[in-house]
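Novice: Dumping the structure here so I can ask a few things about it.
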Amino acid sequence: MIRVESLVKIYGKVRALDGLSFSVPERSIFGFVGPNGAGKTTTLKILATLLLPDSGKAWIAGSEVSVEPDQVKKNLGYMPDFFGVYSNLKANEYLEFYAQACGIPAARAKPVAKDLLELMDLSHKAGEFVEALSRGMKQRLCLARALVHDPPVLLLDEPASGLDPRARIEMRELLRELSTMGKTILISSHILSELAELCTNIGIIDQGRLVASGTIRRGLGSSPPKKPDPSPTASTQPKRSLSESSPVSSLPAGVPSAPPAAQPPLSAGLPAKSGTVDTSRLLAKKKDREKH
């Protein structure tokens, strides 16, 4: 569902991405892990059609990002780490606006917004202005925004940032349920332990390169061959390496090391969807968790 081949992105003298390649199987939750400045956000912005790579290619659901950006956007829900809000809109108006911007009729946009607000525990904030929401509430509102057009692929950049412990658990359970509903999710973080219990696959990035990848259950036993260091003229990015103190330096205790499972081929592509996410199923799961 997601494929990246030899992506390179250079900002001035800094080589943010240095031949990055990886793929994400359909219906999986892929943890994209690395220290701050490793190139995670740059990669997600390229996949979301917000940046053009200097070289290399990427595909979402069979559509090449640089060639078919409109089709990619129909198949994609993107949640950035930091995002702007329309301060003069209320929470329900915010979701209704984005639903209609995604082609959902106005009559359908209202119930969709209502269900998504309930799903994110924001029903009590429906009539409040977005600018008055806390950081964590804005995070949940942004995830709801990414779901309004029912995309098959979700790109989530540090989605747990600003959330309290209970909200983190709710976020984790919600993402699991979205995965069982057929969503393919790429989620970035700089802390491996945050993703260990959630993700089916993991890729570790450092200095713009994928240094390890594999499945959580079978361990990260495969690393791509190391590339020679770029010449001093190509990059002045300070050298960093993963160490024992790094949050992405090792697997959780008890996870064995073994070669990663073979990944399925890239999907031939999905038709653009005009429906909305099945909020009734998600709400039922949420209420069931609350009972227990």
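Scheme for the structure tokens: letters A, B, ... for chains in order shown; per-chain residue numbers from 1; ligand numbers from 1 in order shown.
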Show which residues sit within 6 Å of Ser21 of chain A, as an NGL selection string. Count only C-alpha atoms, and ignore same-chain residues fewer than 4 positions away.
Specialist: :A and (4-6)
Novice: Convert the current residue selection to file output with C-alpha atoms, as a short mmCIF file (atom, residue, chain, number, x, y, z; two decimals), in the first residue's frame.
Specialist:
data_model
loop_
_atom_site.label_atom_id
_atom_site.label_comp_id
_atom_site.auth_asym_id
_atom_site.auth_seq_id
_atom_site.Cartn_x
_atom_site.Cartn_y
_atom_site.Cartn_z
CA VAL A 4 9.26 4.27 -1.16
CA GLU A 5 12.26 3.86 -3.46
CA SER A 6 15.58 5.71 -3.10
#
Novice: Go through segment 13-214 of chain A and collect every residue that DSSP, computed from the backbone, puts in strand (DSSP E); the answer should be as an mmCIF file with N, CA and C atoms, in the first residue's frame.
Specialist:
data_model
loop_
_atom_site.group_PDB
_atom_site.id
_atom_site.type_symbol
_atom_site.label_atom_id
_atom_site.label_comp_id
_atom_site.auth_asym_id
_atom_site.auth_seq_id
_atom_site.Cartn_x
_atom_site.Cartn_y
_atom_site.Cartn_z
ATOM 1 N N VAL A 14 22.124 20.240 4.012
ATOM 2 C CA VAL A 14 21.712 19.112 4.855
ATOM 3 C C VAL A 14 20.977 18.078 3.999
ATOM 4 N N ARG A 15 21.435 16.847 4.056
ATOM 5 C CA ARG A 15 20.815 15.744 3.326
ATOM 6 C C ARG A 15 19.801 15.077 4.246
ATOM 7 N N ALA A 16 18.546 15.522 4.181
ATOM 8 C CA ALA A 16 17.520 15.030 5.095
ATOM 9 C C ALA A 16 17.163 13.574 4.817
ATOM 10 N N LEU A 17 17.063 13.208 3.545
ATOM 11 C CA LEU A 17 16.837 11.826 3.145
ATOM 12 C C LEU A 17 17.953 11.409 2.203
ATOM 13 N N ASP A 18 18.490 10.215 2.444
ATOM 14 C CA ASP A 18 19.673 9.773 1.712
ATOM 15 C C ASP A 18 19.439 8.384 1.114
ATOM 16 N N GLY A 19 18.632 8.325 0.058
ATOM 17 C CA GLY A 19 18.354 7.051 -0.591
ATOM 18 C C GLY A 19 17.433 6.149 0.206
ATOM 19 N N LEU A 20 16.411 6.721 0.832
ATOM 20 C CA LEU A 20 15.506 5.964 1.700
ATOM 21 C C LEU A 20 14.576 5.064 0.885
ATOM 22 N N SER A 21 14.486 3.792 1.299
ATOM 23 C CA SER A 21 13.589 2.834 0.646
ATOM 24 C C SER A 21 12.924 1.952 1.700
ATOM 25 N N PHE A 22 11.624 1.733 1.562
ATOM 26 C CA PHE A 22 10.902 0.784 2.400
ATOM 27 C C PHE A 22 9.513 0.571 1.802
ATOM 28 N N SER A 23 8.806 -0.443 2.289
ATOM 29 C CA SER A 23 7.433 -0.674 1.850
ATOM 30 C C SER A 23 6.584 -1.073 3.042
ATOM 31 N N VAL A 24 5.297 -0.797 2.934
ATOM 32 C CA VAL A 24 4.349 -1.062 4.021
ATOM 33 C C VAL A 24 3.264 -1.991 3.493
ATOM 34 N N ILE A 29 0.166 -1.977 10.497
ATOM 35 C CA ILE A 29 0.496 -0.739 11.204
ATOM 36 C C ILE A 29 2.016 -0.670 11.240
ATOM 37 N N PHE A 30 2.571 0.243 10.497
ATOM 38 C CA PHE A 30 4.015 0.358 10.322
ATOM 39 C C PHE A 30 4.557 1.466 11.216
ATOM 40 N N GLY A 31 5.421 1.104 12.139
ATOM 41 C CA GLY A 31 6.042 2.086 13.019
ATOM 42 C C GLY A 31 7.302 2.645 12.390
ATOM 43 N N PHE A 32 7.314 3.938 12.164
ATOM 44 C CA PHE A 32 8.450 4.624 11.538
ATOM 45 C C PHE A 32 9.195 5.340 12.656
ATOM 46 N N VAL A 33 10.317 4.769 13.086
ATOM 47 C CA VAL A 33 10.963 5.195 14.320
ATOM 48 C C VAL A 33 12.334 5.795 14.033
ATOM 49 N N SER A 55 15.102 13.353 -5.669
ATOM 50 C CA SER A 55 15.166 12.175 -6.524
ATOM 51 C C SER A 55 14.489 11.021 -5.799
ATOM 52 N N GLY A 56 14.206 9.954 -6.541
ATOM 53 C CA GLY A 56 13.498 8.827 -5.968
ATOM 54 C C GLY A 56 12.000 8.920 -6.226
ATOM 55 N N LYS A 57 11.283 7.852 -5.869
ATOM 56 C CA LYS A 57 9.847 7.783 -6.125
ATOM 57 C C LYS A 57 9.115 7.203 -4.921
ATOM 58 N N ALA A 58 7.815 7.464 -4.862
ATOM 59 C CA ALA A 58 6.976 6.911 -3.797
ATOM 60 C C ALA A 58 5.579 6.672 -4.349
ATOM 61 N N TRP A 59 4.917 5.634 -3.814
ATOM 62 C CA TRP A 59 3.566 5.282 -4.245
ATOM 63 C C TRP A 59 2.655 5.103 -3.043
ATOM 64 N N ILE A 60 1.408 5.531 -3.192
ATOM 65 C CA ILE A 60 0.353 5.292 -2.204
ATOM 66 C C ILE A 60 -0.783 4.569 -2.914
ATOM 67 N N SER A 63 -0.660 4.586 -6.692
ATOM 68 C CA SER A 63 -0.537 5.873 -7.387
ATOM 69 C C SER A 63 0.777 6.529 -7.018
ATOM 70 N N GLU A 64 1.525 6.956 -8.019
ATOM 71 C CA GLU A 64 2.804 7.600 -7.753
ATOM 72 C C GLU A 64 2.571 9.011 -7.204
ATOM 73 N N LEU A 76 -5.736 8.956 0.994
ATOM 74 C CA LEU A 76 -4.830 9.252 2.090
ATOM 75 C C LEU A 76 -5.463 10.150 3.143
ATOM 76 N N GLY A 77 -5.223 9.806 4.409
ATOM 77 C CA GLY A 77 -5.548 10.682 5.524
ATOM 78 C C GLY A 77 -4.250 11.043 6.231
ATOM 79 N N TYR A 78 -3.963 12.327 6.359
ATOM 80 C CA TYR A 78 -2.676 12.782 6.906
ATOM 81 C C TYR A 78 -2.893 13.573 8.177
ATOM 82 N N MET A 79 -2.177 13.182 9.219
ATOM 83 C CA MET A 79 -2.236 13.884 10.499
ATOM 84 C C MET A 79 -0.835 14.389 10.833
ATOM 85 N N VAL A 153 -5.457 4.593 3.535
ATOM 86 C CA VAL A 153 -4.109 4.774 4.094
ATOM 87 C C VAL A 153 -4.103 5.972 5.038
ATOM 88 N N LEU A 154 -3.476 5.803 6.211
ATOM 89 C CA LEU A 154 -3.320 6.897 7.174
ATOM 90 C C LEU A 154 -1.852 7.145 7.442
ATOM 91 N N LEU A 155 -1.443 8.414 7.384
ATOM 92 C CA LEU A 155 -0.094 8.833 7.767
ATOM 93 C C LEU A 155 -0.213 9.665 9.035
ATOM 94 N N LEU A 156 0.360 9.188 10.127
ATOM 95 C CA LEU A 156 0.209 9.850 11.418
ATOM 96 C C LEU A 156 1.582 10.232 11.958
ATOM 97 N N ASP A 157 1.824 11.517 12.077
ATOM 98 C CA ASP A 157 3.122 12.021 12.541
ATOM 99 C C ASP A 157 3.027 12.347 14.032
ATOM 100 N N THR A 184 -4.426 0.830 6.255
ATOM 101 C CA THR A 184 -2.977 0.701 6.335
ATOM 102 C C THR A 184 -2.453 1.960 7.000
ATOM 103 N N ILE A 185 -1.699 1.805 8.089
ATOM 104 C CA ILE A 185 -1.327 2.949 8.914
ATOM 105 C C ILE A 185 0.193 3.043 9.031
ATOM 106 N N LEU A 186 0.725 4.207 8.717
ATOM 107 C CA LEU A 186 2.133 4.510 8.956
ATOM 108 C C LEU A 186 2.180 5.547 10.068
ATOM 109 N N ILE A 187 2.817 5.199 11.179
ATOM 110 C CA ILE A 187 2.832 6.057 12.353
ATOM 111 C C ILE A 187 4.269 6.321 12.774
ATOM 112 N N SER A 188 4.633 7.578 12.933
ATOM 113 C CA SER A 188 6.004 7.927 13.288
ATOM 114 C C SER A 188 6.132 8.230 14.772
ATOM 115 N N SER A 189 7.310 7.968 15.303
ATOM 116 C CA SER A 189 7.609 8.280 16.699
ATOM 117 C C SER A 189 9.121 8.234 16.878
ATOM 118 N N ASN A 201 4.744 -3.946 12.002
ATOM 119 C CA ASN A 201 6.039 -3.801 11.341
ATOM 120 C C ASN A 201 6.728 -2.553 11.844
ATOM 121 N N ILE A 202 8.059 -2.568 11.802
ATOM 122 C CA ILE A 202 8.854 -1.438 12.276
ATOM 123 C C ILE A 202 9.965 -1.126 11.273
ATOM 124 N N GLY A 203 10.202 0.154 11.059
ATOM 125 C CA GLY A 203 11.362 0.605 10.296
ATOM 126 C C GLY A 203 12.084 1.674 11.096
ATOM 127 N N ILE A 204 13.395 1.530 11.243
ATOM 128 C CA ILE A 204 14.178 2.504 12.008
ATOM 129 C C ILE A 204 14.990 3.346 11.037
ATOM 130 N N ILE A 205 14.852 4.658 11.158
ATOM 131 C CA ILE A 205 15.531 5.596 10.276
ATOM 132 C C ILE A 205 16.511 6.435 11.083
ATOM 133 N N ASP A 206 17.673 6.676 10.504
ATOM 134 C CA ASP A 206 18.660 7.551 11.141
ATOM 135 C C ASP A 206 19.476 8.230 10.053
ATOM 136 N N ARG A 209 18.455 7.491 6.438
ATOM 137 C CA ARG A 209 18.610 6.144 5.877
ATOM 138 C C ARG A 209 17.857 5.149 6.748
ATOM 139 N N LEU A 210 17.329 4.108 6.129
ATOM 140 C CA LEU A 210 16.707 3.026 6.885
ATOM 141 C C LEU A 210 17.816 2.105 7.386
ATOM 142 N N VAL A 211 17.956 2.016 8.706
ATOM 143 C CA VAL A 211 19.050 1.231 9.274
ATOM 144 C C VAL A 211 18.598 -0.152 9.716
ATOM 145 N N ALA A 212 17.300 -0.376 9.878
ATOM 146 C CA ALA A 212 16.782 -1.697 10.238
ATOM 147 C C ALA A 212 15.298 -1.733 9.944
ATOM 148 N N SER A 213 14.784 -2.923 9.637
ATOM 149 C CA SER A 213 13.357 -3.067 9.401
ATOM 150 C C SER A 213 12.958 -4.512 9.662
ATOM 151 N N GLY A 214 11.687 -4.727 9.913
ATOM 152 C CA GLY A 214 11.200 -6.076 10.161
ATOM 153 C C GLY A 214 9.856 -6.050 10.849
#
Novice: Give me the residues near segment 90-97 of chain A as a JSON list (two decimals) with N, CA and C atoms, in the first residue's frame, where near means some atom within 7 Å (using only C-alpha atoms) and where sequence neighbours in that chain fewer than 4 positions away do not count.
Specialist:
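Dumped to part-v9.json:
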[["chain", "number", "residue", "atom", "x", "y", "z"],
["A", 101, "ALA", "N", -15.27, 19.50, 2.09],
["A", 101, "ALA", "CA", -14.11, 19.73, 1.22],
["A", 101, "ALA", "C", -13.66, 18.43, 0.57],
["A", 109, "ALA", "N", -22.52, 15.34, 6.08],
["A", 109, "ALA", "CA", -21.37, 15.84, 6.82],
["A", 109, "ALA", "C", -21.68, 16.04, 8.30],
["A", 110, "LYS", "N", -22.89, 16.48, 8.62],
["A", 110, "LYS", "CA", -23.25, 16.73, 10.02],
["A", 110, "LYS", "C", -23.23, 15.46, 10.87],
["A", 113, "ALA", "N", -19.62, 14.22, 11.33],
["A", 113, "ALA", "CA", -18.89, 15.03, 12.31],
["A", 113, "ALA", "C", -19.31, 14.66, 13.74],
["A", 114, "LYS", "N", -20.61, 14.47, 13.94],
["A", 114, "LYS", "CA", -21.13, 14.11, 15.27],
["A", 114, "LYS", "C", -20.55, 12.78, 15.74],
["A", 125, "LYS", "N", -17.31, 19.05, 23.49],
["A", 125, "LYS", "CA", -16.62, 20.22, 22.96],
["A", 125, "LYS", "C", -17.12, 20.61, 21.57],
["A", 126, "ALA", "N", -18.17, 19.97, 21.13],
["A", 126, "ALA", "CA", -18.66, 20.19, 19.76],
["A", 126, "ALA", "C", -18.97, 21.65, 19.48],
["A", 127, "GLY", "N", -19.52, 22.36, 20.46],
["A", 127, "GLY", "CA", -19.92, 23.74, 20.25],
["A", 127, "GLY", "C", -18.88, 24.76, 20.67],
["A", 128, "GLU", "N", -17.68, 24.31, 21.02],
["A", 128, "GLU", "CA", -16.62, 25.25, 21.42],
["A", 128, "GLU", "C", -15.69, 25.54, 20.26],
["A", 129, "PHE", "N", -15.11, 26.74, 20.28],
["A", 129, "PHE", "CA", -14.20, 27.12, 19.22],
["A", 129, "PHE", "C", -12.91, 26.29, 19.30],
["A", 130, "VAL", "N", -12.37, 25.96, 18.13],
["A", 130, "VAL", "CA", -11.21, 25.09, 18.05],
["A", 130, "VAL", "C", -10.02, 25.67, 18.81],
["A", 145, "ARG", "N", -10.39, 14.51, 11.59],
["A", 145, "ARG", "CA", -10.35, 15.17, 10.28],
["A", 145, "ARG", "C", -9.75, 14.24, 9.22]]
Novice: For atom CA of Lys9 of chain A and atom CA of Leu147 of chain A, determine how far apart the two atoms are, in Å to one decimal place.
Specialist: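 Going from atom CA of Lys9 of chain A over to atom CA of Leu147 of chain A covers 28.6 Å.
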Novice: To one decimal in Å, tell me the separation between atom CA of Gly103 of chain A and atom CA of Lys138 of chain A.
Specialist: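 Atom CA of Gly103 of chain A sits 23.0 Å away from atom CA of Lys138 of chain A.
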Novice: To one decimal place, how far is atom CA of Arg172 of chain A from atom CA of Phe83 of chain A in Å?
Specialist: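 Going from atom CA of Arg172 of chain A over to atom CA of Phe83 of chain A, I get 20.8 Å.
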Novice: A:Ser87, A:Gln207, A:Thr215, A:Asn75: which is nearest Thr42 of chain A, counting only C-alpha atoms?
Specialist: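 Using only C-alpha atoms, the shortest distance to Thr42 of chain A belongs to A:Gln207.
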